[in-house]
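Listing of structure24.txt; format and content: compact mmCIF, C-alpha atoms.
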```txt
# COMPACT_ATOMS: atom_id res chain seq x y z
CA MET A 1 32.22 -2.03 -15.91
CA ARG A 2 29.09 -0.13 -14.84
CA HIS A 3 30.73 2.29 -12.47
CA ARG A 4 28.43 5.20 -11.56
CA LYS A 5 25.67 3.80 -13.78
CA LEU A 6 22.40 3.95 -11.86
CA GLY A 7 19.43 1.79 -12.76
CA ARG A 8 18.76 -1.05 -15.18
CA LYS A 9 18.54 -0.66 -18.94
CA LEU A 10 15.93 -3.44 -19.31
CA GLY A 11 16.93 -3.89 -22.93
CA CYS A 12 15.21 -0.76 -24.25
CA SER A 13 15.84 2.91 -24.99
CA PRO A 14 15.50 5.59 -22.29
CA SER A 15 12.12 6.82 -23.58
CA HIS A 16 10.79 3.28 -23.86
CA ARG A 17 12.05 2.45 -20.36
CA LYS A 18 10.41 5.55 -18.90
CA ALA A 19 7.07 4.69 -20.53
CA LEU A 20 7.38 1.09 -19.36
CA LEU A 21 7.88 2.05 -15.71
CA ARG A 22 5.05 4.58 -15.84
CA ASN A 23 2.68 1.98 -17.24
CA LEU A 24 3.67 -0.59 -14.61
CA ALA A 25 3.07 1.89 -11.78
CA SER A 26 -0.27 2.95 -13.26
CA ALA A 27 -1.32 -0.68 -13.71
CA LEU A 28 -0.57 -1.40 -10.04
CA PHE A 29 -2.67 1.54 -8.86
CA LEU A 30 -5.54 0.77 -11.24
CA THR A 31 -6.00 -2.70 -9.76
CA GLU A 32 -7.47 -0.93 -6.70
CA LYS A 33 -10.15 1.04 -8.55
CA GLU A 34 -13.85 0.19 -8.50
CA TYR A 35 -14.90 -1.75 -11.60
CA VAL A 36 -18.47 -1.72 -12.92
CA PHE A 37 -18.50 -5.28 -14.27
CA GLU A 38 -17.36 -8.33 -12.36
CA SER A 39 -15.51 -9.68 -15.39
CA GLU A 40 -13.21 -6.63 -15.42
CA LYS A 41 -12.12 -6.94 -11.80
CA PRO A 42 -8.62 -8.36 -11.22
CA ILE A 43 -8.30 -11.68 -9.46
CA HIS A 44 -5.92 -10.25 -6.86
CA PRO A 45 -6.32 -6.46 -6.39
CA GLY A 46 -3.24 -4.58 -5.34
CA GLN A 47 -0.66 -6.66 -7.17
CA ILE A 48 0.74 -7.24 -10.65
CA VAL A 49 2.97 -9.94 -12.15
CA THR A 50 6.07 -8.90 -14.09
CA THR A 51 9.71 -9.86 -14.40
CA LEU A 52 12.00 -9.54 -11.39
CA PRO A 53 14.25 -6.75 -12.83
CA LYS A 54 11.20 -4.68 -13.85
CA ALA A 55 9.62 -5.11 -10.40
CA LYS A 56 12.82 -3.96 -8.69
CA GLU A 57 13.11 -0.98 -11.03
CA VAL A 58 9.51 0.25 -10.70
CA ARG A 59 9.33 -0.21 -6.94
CA PRO A 60 11.03 3.14 -6.05
CA LEU A 61 8.68 4.99 -8.42
CA VAL A 62 5.59 3.44 -6.79
CA GLU A 63 6.75 4.17 -3.26
CA ARG A 64 7.70 7.74 -4.14
CA CYS A 65 4.23 8.38 -5.57
CA ILE A 66 2.59 6.98 -2.42
CA THR A 67 4.79 9.18 -0.22
CA ILE A 68 3.88 12.32 -2.17
CA ALA A 69 0.18 11.50 -1.96
CA LYS A 70 0.38 10.67 1.74
CA ARG A 71 2.04 13.98 2.61
CA ALA A 72 -0.81 15.87 0.91
CA LEU A 73 -3.56 14.17 2.91
CA PRO A 74 -3.56 16.55 5.94
CA ALA A 75 -4.06 19.58 3.67
CA LEU A 76 -6.78 17.71 1.80
CA ARG A 77 -8.69 17.00 5.02
CA GLU A 78 -8.48 20.64 6.08
CA ALA A 79 -9.73 21.74 2.67
CA GLN A 80 -12.64 19.29 2.74
CA ALA A 81 -13.71 20.67 6.12
CA LEU A 82 -14.08 24.12 4.53
CA GLU A 83 -16.14 22.97 1.54
CA PRO A 84 -19.85 23.94 1.51
CA THR A 85 -22.60 21.34 1.60
CA ALA A 86 -24.73 23.24 -0.94
CA PRO A 87 -24.76 22.00 -4.54
CA ARG A 88 -22.57 23.69 -7.12
CA ASN A 89 -23.85 26.92 -8.77
CA SER A 90 -26.56 27.33 -6.15
CA GLU A 91 -27.11 30.59 -4.28
CA ALA A 92 -25.40 29.31 -1.13
CA TRP A 93 -22.47 28.02 -3.18
CA ARG A 94 -22.05 31.35 -4.96
CA ALA A 95 -22.12 33.17 -1.64
CA TRP A 96 -19.37 30.88 -0.36
CA ARG A 97 -17.44 31.38 -3.60
CA ASN A 98 -17.36 35.14 -3.06
CA SER A 99 -16.50 34.98 0.64
CA GLU A 100 -13.21 34.76 2.52
CA LYS A 101 -13.77 31.07 3.19
CA TRP A 102 -13.13 30.30 -0.46
CA HIS A 103 -9.72 31.99 -0.28
CA GLU A 104 -8.89 29.94 2.80
CA TRP A 105 -10.04 26.77 1.02
CA ASN A 106 -7.94 27.74 -1.98
CA GLN A 107 -4.81 28.08 0.16
CA LYS A 108 -5.42 24.69 1.79
CA MET A 109 -6.05 23.05 -1.58
CA ALA A 110 -2.95 24.46 -3.29
CA PRO A 111 -0.44 21.83 -1.97
CA VAL A 112 -2.90 19.05 -2.82
CA VAL A 113 -3.20 20.21 -6.42
CA SER A 114 0.58 20.56 -6.63
CA ALA A 115 1.04 16.99 -5.35
CA ARG A 116 -1.53 15.65 -7.82
CA ARG A 117 0.22 17.37 -10.71
CA ARG A 118 3.57 16.05 -9.56
CA VAL A 119 2.31 12.46 -9.43
CA LEU A 120 0.59 12.92 -12.78
CA ARG A 121 3.90 13.91 -14.36
CA MET A 122 5.51 10.80 -12.88
CA ILE A 123 2.95 8.15 -13.95
CA GLY A 124 0.99 9.93 -16.70
CA SER A 125 -2.50 8.64 -15.81
CA LYS A 126 -5.26 10.80 -14.30
CA GLU A 127 -7.34 7.79 -13.31
CA ALA A 128 -4.42 6.11 -11.53
CA THR A 129 -3.61 9.39 -9.75
CA GLN A 130 -7.19 9.67 -8.50
CA VAL A 131 -7.16 6.08 -7.22
CA LEU A 132 -3.85 6.74 -5.47
CA PHE A 133 -5.09 9.83 -3.61
CA ASP A 134 -8.58 8.51 -2.82
CA GLN A 135 -7.98 4.87 -1.88
CA ILE A 136 -4.33 3.86 -1.58
CA ALA A 137 -2.66 6.78 0.22
CA PRO A 138 -5.15 6.93 3.17
CA ARG A 139 -4.35 3.29 3.88
CA PHE A 140 -0.69 4.06 4.62
CA THR A 141 -1.09 7.10 6.87
CA ASP A 142 0.37 5.26 9.89
CA ARG A 143 3.12 3.48 7.95
CA PRO A 144 6.52 5.25 7.72
CA GLY A 145 7.62 3.44 4.55
CA GLY A 146 7.90 0.14 2.75
CA TYR A 147 4.56 0.19 0.94
CA THR A 148 5.33 -2.65 -1.49
CA ARG A 149 6.85 -6.10 -1.48
CA ILE A 150 8.35 -8.27 -4.20
CA LEU A 151 7.69 -12.02 -4.21
CA ARG A 152 9.71 -14.12 -6.62
CA LEU A 153 7.77 -16.83 -8.46
CA ALA A 154 9.21 -20.29 -8.88
CA LYS A 155 7.81 -20.85 -12.39
CA PRO A 156 9.69 -18.81 -15.05
CA ARG A 157 8.04 -17.01 -17.92
CA VAL A 158 7.15 -19.12 -20.94
CA GLY A 159 9.20 -18.19 -23.99
CA ASP A 160 12.40 -16.72 -22.62
CA ALA A 161 12.43 -18.36 -19.15
CA GLY A 162 12.61 -14.96 -17.47
CA THR A 163 12.31 -14.85 -13.69
CA ARG A 164 8.85 -13.62 -12.77
CA ALA A 165 7.84 -11.78 -9.61
CA ILE A 166 4.78 -10.30 -7.93
CA LEU A 167 4.83 -6.60 -7.05
CA ALA A 168 2.16 -6.14 -4.39
CA LEU A 169 0.99 -3.39 -2.06
CA VAL A 170 1.50 -4.15 1.61
CA GLY A 171 -1.39 -4.41 4.03
CA LYS A 172 -4.38 -5.62 2.01
CA ASN A 173 -3.39 -9.14 1.04
CA ASP A 174 -1.30 -9.90 4.10
CA ARG A 175 -1.85 -13.12 5.97
CA PRO A 176 -3.16 -12.71 9.53
CA LYS A 177 -0.39 -13.24 12.03
CA LYS A 178 -1.08 -15.58 14.90
CA LYS A 179 0.86 -15.35 18.12
CA ARG A 180 2.38 -18.66 19.06
CA ARG A 181 2.54 -19.62 22.68
CA ALA A 182 5.75 -21.15 23.92
CA PRO A 183 5.15 -24.78 24.88
CA SER A 184 5.42 -25.38 28.60
CA VAL A 185 7.59 -28.47 28.60
CA LYS A 186 8.74 -29.72 31.98
CA PRO A 187 11.84 -31.89 32.35
CA GLU A 188 11.20 -35.59 32.77
CA PHE A 189 12.98 -35.86 36.14
CA GLU A 190 10.74 -33.13 37.61
CA SER A 191 7.59 -34.91 36.45
CA GLN A 192 8.85 -38.21 37.89
CA GLU A 193 9.61 -36.57 41.25
CA THR A 194 6.17 -34.98 41.42
CA ASP A 195 4.48 -38.30 40.58
CA SER A 196 6.47 -40.15 43.26
CA ALA A 197 5.70 -37.44 45.81
CA THR A 198 1.96 -37.66 45.17
CA VAL A 199 2.02 -41.46 45.41
CA SER A 200 3.88 -41.40 48.77
CA ALA A 201 1.50 -38.77 50.14
CA GLU A 202 -1.53 -40.83 49.22
CA SER A 203 -0.05 -43.96 50.79
CA SER A 204 0.81 -42.16 54.06
CA GLU A 205 -2.73 -40.78 54.61
CA PRO A 206 -4.79 -42.87 57.11
CA GLU A 207 -7.91 -44.54 55.80
CA ASN A 208 -11.18 -42.99 56.95
CA ARG A 209 -13.41 -45.73 58.44
```
Could you quickly redo this structure as structure tokens?
Amino acid sequence: MRHRKLGRKLGCSPSHRKALLRNLASALFLTEKEYVFESEKPIHPGQIVTTLPKAKEVRPLVERCITIAKRALPALREAQALEPTAPRNSEAWRAWRNSEKWHEWNQKMAPVVSARRRVLRMIGSKEATQVLFDQIAPRFTDRPGGYTRILRLAKPRVGDAGTRAILALVGKNDRPKKKRRAPSVKPEFESQETDSATVSAESSEPENR
């Protein structure tokens, strides 16, 4: 019995399992980056295909990383408002570097750097961390949670017949929802009464000669 045993073993050692989940999370974030060549772009950005147990196991890691990045966005916006427009190592930039505004910018930027380092320890990829903070996290600022969804595929994996699933980010590949209007169906007896009433009214009107 697996009493008080949290998580799935996935048929591998703890170090292998940790590396596997980190690579899956990084692969999901990297599908959103900007590719130089068209041949390198994924067919469906924002989603990966894996087995169902792996998708369920990596989902909390992905959502935790998005939450950490989303909480650092207000401090990042305040820090960007204090950055100078002059190029780096110019006279104006050096004057800003030696002023009190730099210390204020440094205090605003400290929680952002801490959040980036925390996510980097969790997924182990600098490029995926940058994509998360620059593109993915701003998309979920108004969403309280539930950033991913798991869709089970009907066709199993070739070889071991493992159940496959799609782990996708919510919001980008969603189908547009259309509001359906309730059909205005009238009972048959009401329609028959109205038809008979109109016929009797027409017959009772005098002819205009």
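Closest approach to A:Arg143 among A:Gln47, A:Ser13, A:Thr31, A:Thr67: A:Thr67, based on only C-alpha atoms.
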- request: May I have the protein, DNA and RNA residues with any atom at most 10 Å from the point (8.1, -15.3, -5.7), counting only C-alpha atoms, written as a ChimeraX atom specification?
  value: /A:49,52,150-155,163-167
Please build the interface table for stretch 41-91 of chain A against stretch 15-21 of chain A with a cut-off of 10 Å, listing for each qualifying residue the nearest atom pair and the distance in Å to one decimal; count all atoms listed in the file, order rows by chain and increasing number, and write it as a tab-separated table.
```
residue	atom	partner	partner_atom	distance
A:Lys54	CA	A:Leu21	CA	7.7
A:Ala55	CA	A:Leu21	CA	9.1
A:Glu57	CA	A:Leu21	CA	7.6
A:Val58	CA	A:Leu21	CA	5.6
A:Arg59	CA	A:Leu21	CA	9.2
A:Leu61	CA	A:Leu21	CA	7.9
A:Val62	CA	A:Leu21	CA	9.3
```
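In terms of minimum interatomic distance to A:Thr51, A:Pro156 ranks closest within A:Glu34, A:Pro156, A:Arg88, A:Pro183, counting all atoms listed in the file.
We find atom CA of A:Ala86 and atom CA of A:Thr141 to be spaced 29.7 Å apart.
Atom to atom, atom CA of A:Ala75 and atom CA of A:Leu28 stand 25.3 Å apart.
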message: So that I can check the surroundings of stretch 39-44 of chain A, please list as a PyMOL selection string every protein, DNA and RNA residue that reaches within 10 Å of it, counting only C-alpha atoms and ignoring chain neighbours fewer than 4 positions away.
response: chain A and resi 30-35+48+168+173
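In terms of minimum interatomic distance to A:Ala79, A:Lys108 ranks closest within A:His103, A:Arg94, A:Lys108, A:Arg8, counting only C-alpha atoms.
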- prompt: Which residue out of A:Phe37, A:Val170, A:Pro45, A:Lys70 has the minimum interatomic distance to A:Pro111 when only C-alpha atoms are used?
  reply: A:Lys70
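Restricting the calculation to only C-alpha atoms, the smallest distance between A:Gly162 and any of A:Asn23, A:Thr50, A:Gly11, A:Val131 is found for A:Thr50.
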Would you save stretch 41-57 of chain A from the block above with all heavy atoms, as a tab-separated table (two decimals), in the first residue's frame?
```
chain	number	residue	atom	x	y	z
A	41	LYS	N	9.78	25.97	-35.99
A	41	LYS	CA	8.61	26.32	-35.21
A	41	LYS	C	7.73	25.09	-34.97
A	41	LYS	O	7.56	24.27	-35.87
A	41	LYS	CB	7.79	27.40	-35.93
A	41	LYS	CG	8.49	28.73	-36.02
A	41	LYS	CD	7.60	29.76	-36.68
A	41	LYS	CE	8.28	31.11	-36.73
A	41	LYS	NZ	7.42	32.14	-37.37
A	42	PRO	N	7.18	24.95	-33.77
A	42	PRO	CA	6.27	23.82	-33.51
A	42	PRO	C	4.96	24.00	-34.23
A	42	PRO	O	4.53	25.12	-34.54
A	42	PRO	CB	6.09	23.86	-31.99
A	42	PRO	CG	6.36	25.28	-31.62
A	42	PRO	CD	7.41	25.78	-32.57
A	43	ILE	N	4.32	22.87	-34.52
A	43	ILE	CA	3.04	22.93	-35.23
A	43	ILE	C	1.97	23.59	-34.38
A	43	ILE	O	1.20	24.43	-34.86
A	43	ILE	CB	2.61	21.51	-35.64
A	43	ILE	CG1	3.67	20.88	-36.56
A	43	ILE	CG2	1.25	21.54	-36.35
A	43	ILE	CD1	3.38	19.44	-36.93
A	44	HIS	N	1.94	23.25	-33.10
A	44	HIS	CA	0.97	23.82	-32.17
A	44	HIS	C	1.73	24.44	-31.00
A	44	HIS	O	2.08	23.73	-30.05
A	44	HIS	CB	-0.01	22.76	-31.67
A	44	HIS	CG	-0.78	22.10	-32.77
A	44	HIS	ND1	-1.78	22.73	-33.47
A	44	HIS	CD2	-0.69	20.84	-33.29
A	44	HIS	CE1	-2.28	21.91	-34.37
A	44	HIS	NE2	-1.64	20.76	-34.28
A	45	PRO	N	2.01	25.74	-31.02
A	45	PRO	CA	2.72	26.36	-29.88
A	45	PRO	C	1.87	26.31	-28.62
A	45	PRO	O	0.65	26.37	-28.64
A	45	PRO	CB	2.92	27.81	-30.35
A	45	PRO	CG	2.75	27.78	-31.83
A	45	PRO	CD	1.78	26.68	-32.12
A	46	GLY	N	2.56	26.16	-27.50
A	46	GLY	CA	1.86	26.16	-26.22
A	46	GLY	C	1.37	24.81	-25.77
A	46	GLY	O	0.59	24.75	-24.81
A	47	GLN	N	1.82	23.72	-26.40
A	47	GLN	CA	1.38	22.40	-25.97
A	47	GLN	C	2.43	21.36	-26.36
A	47	GLN	O	3.16	21.52	-27.33
A	47	GLN	CB	0.03	22.05	-26.58
A	47	GLN	CG	0.02	21.90	-28.09
A	47	GLN	CD	-1.36	21.62	-28.63
A	47	GLN	OE1	-2.35	22.07	-28.07
A	47	GLN	NE2	-1.45	20.87	-29.70
A	48	ILE	N	2.48	20.30	-25.56
A	48	ILE	CA	3.37	19.18	-25.81
A	48	ILE	C	2.56	17.90	-25.66
A	48	ILE	O	1.52	17.87	-24.99
A	48	ILE	CB	4.58	19.16	-24.86
A	48	ILE	CG1	4.12	19.13	-23.40
A	48	ILE	CG2	5.49	20.33	-25.12
A	48	ILE	CD1	5.25	18.97	-22.40
A	49	VAL	N	3.05	16.82	-26.26
A	49	VAL	CA	2.41	15.51	-26.18
A	49	VAL	C	3.31	14.59	-25.37
A	49	VAL	O	4.50	14.45	-25.66
A	49	VAL	CB	2.17	14.92	-27.58
A	49	VAL	CG1	1.52	13.55	-27.47
A	49	VAL	CG2	1.31	15.84	-28.42
A	50	THR	N	2.76	13.98	-24.34
A	50	THR	CA	3.48	13.05	-23.49
A	50	THR	C	2.50	12.00	-22.98
A	50	THR	O	1.34	11.97	-23.41
A	50	THR	CB	4.17	13.79	-22.34
A	50	THR	OG1	4.89	12.86	-21.53
A	50	THR	CG2	3.16	14.53	-21.49
A	51	THR	N	2.94	11.16	-22.08
A	51	THR	CA	2.03	10.18	-21.50
A	51	THR	C	1.16	10.83	-20.44
A	51	THR	O	1.51	11.88	-19.88
A	51	THR	CB	2.80	9.00	-20.90
A	51	THR	OG1	3.67	9.49	-19.88
A	51	THR	CG2	3.61	8.29	-21.96
A	52	LEU	N	0.04	10.21	-20.15
A	52	LEU	CA	-0.91	10.78	-19.20
A	52	LEU	C	-0.33	10.89	-17.78
A	52	LEU	O	-0.49	11.95	-17.14
A	52	LEU	CB	-2.19	9.95	-19.19
A	52	LEU	CG	-3.33	10.46	-18.31
A	52	LEU	CD1	-3.77	11.84	-18.75
A	52	LEU	CD2	-4.51	9.50	-18.34
A	53	PRO	N	0.36	9.88	-17.23
A	53	PRO	CA	0.94	10.06	-15.89
A	53	PRO	C	2.00	11.17	-15.83
A	53	PRO	O	2.06	11.92	-14.85
A	53	PRO	CB	1.56	8.69	-15.58
A	53	PRO	CG	0.82	7.74	-16.44
A	53	PRO	CD	0.52	8.49	-17.69
A	54	LYS	N	2.81	11.31	-16.88
A	54	LYS	CA	3.82	12.37	-16.89
A	54	LYS	C	3.17	13.75	-16.96
A	54	LYS	O	3.62	14.70	-16.31
A	54	LYS	CB	4.77	12.18	-18.07
A	54	LYS	CG	5.69	10.98	-17.94
A	54	LYS	CD	6.55	10.84	-19.18
A	54	LYS	CE	7.41	9.58	-19.11
A	54	LYS	NZ	8.22	9.41	-20.34
A	55	ALA	N	2.10	13.88	-17.75
A	55	ALA	CA	1.40	15.16	-17.85
A	55	ALA	C	0.78	15.55	-16.51
A	55	ALA	O	0.84	16.72	-16.10
A	55	ALA	CB	0.33	15.08	-18.93
A	56	LYS	N	0.19	14.57	-15.81
A	56	LYS	CA	-0.39	14.88	-14.50
A	56	LYS	C	0.67	15.23	-13.46
A	56	LYS	O	0.41	16.00	-12.54
A	56	LYS	CB	-1.22	13.69	-14.02
A	56	LYS	CG	-2.49	13.46	-14.82
A	56	LYS	CD	-3.29	12.30	-14.26
A	56	LYS	CE	-4.59	12.09	-15.03
A	56	LYS	NZ	-5.39	10.97	-14.49
A	57	GLU	N	1.86	14.65	-13.61
A	57	GLU	CA	2.91	14.89	-12.63
A	57	GLU	C	3.62	16.23	-12.86
A	57	GLU	O	4.04	16.88	-11.90
A	57	GLU	CB	3.93	13.75	-12.69
A	57	GLU	CG	4.88	13.69	-11.52
A	57	GLU	CD	4.19	13.34	-10.21
A	57	GLU	OE1	3.07	12.78	-10.26
A	57	GLU	OE2	4.76	13.63	-9.14
```
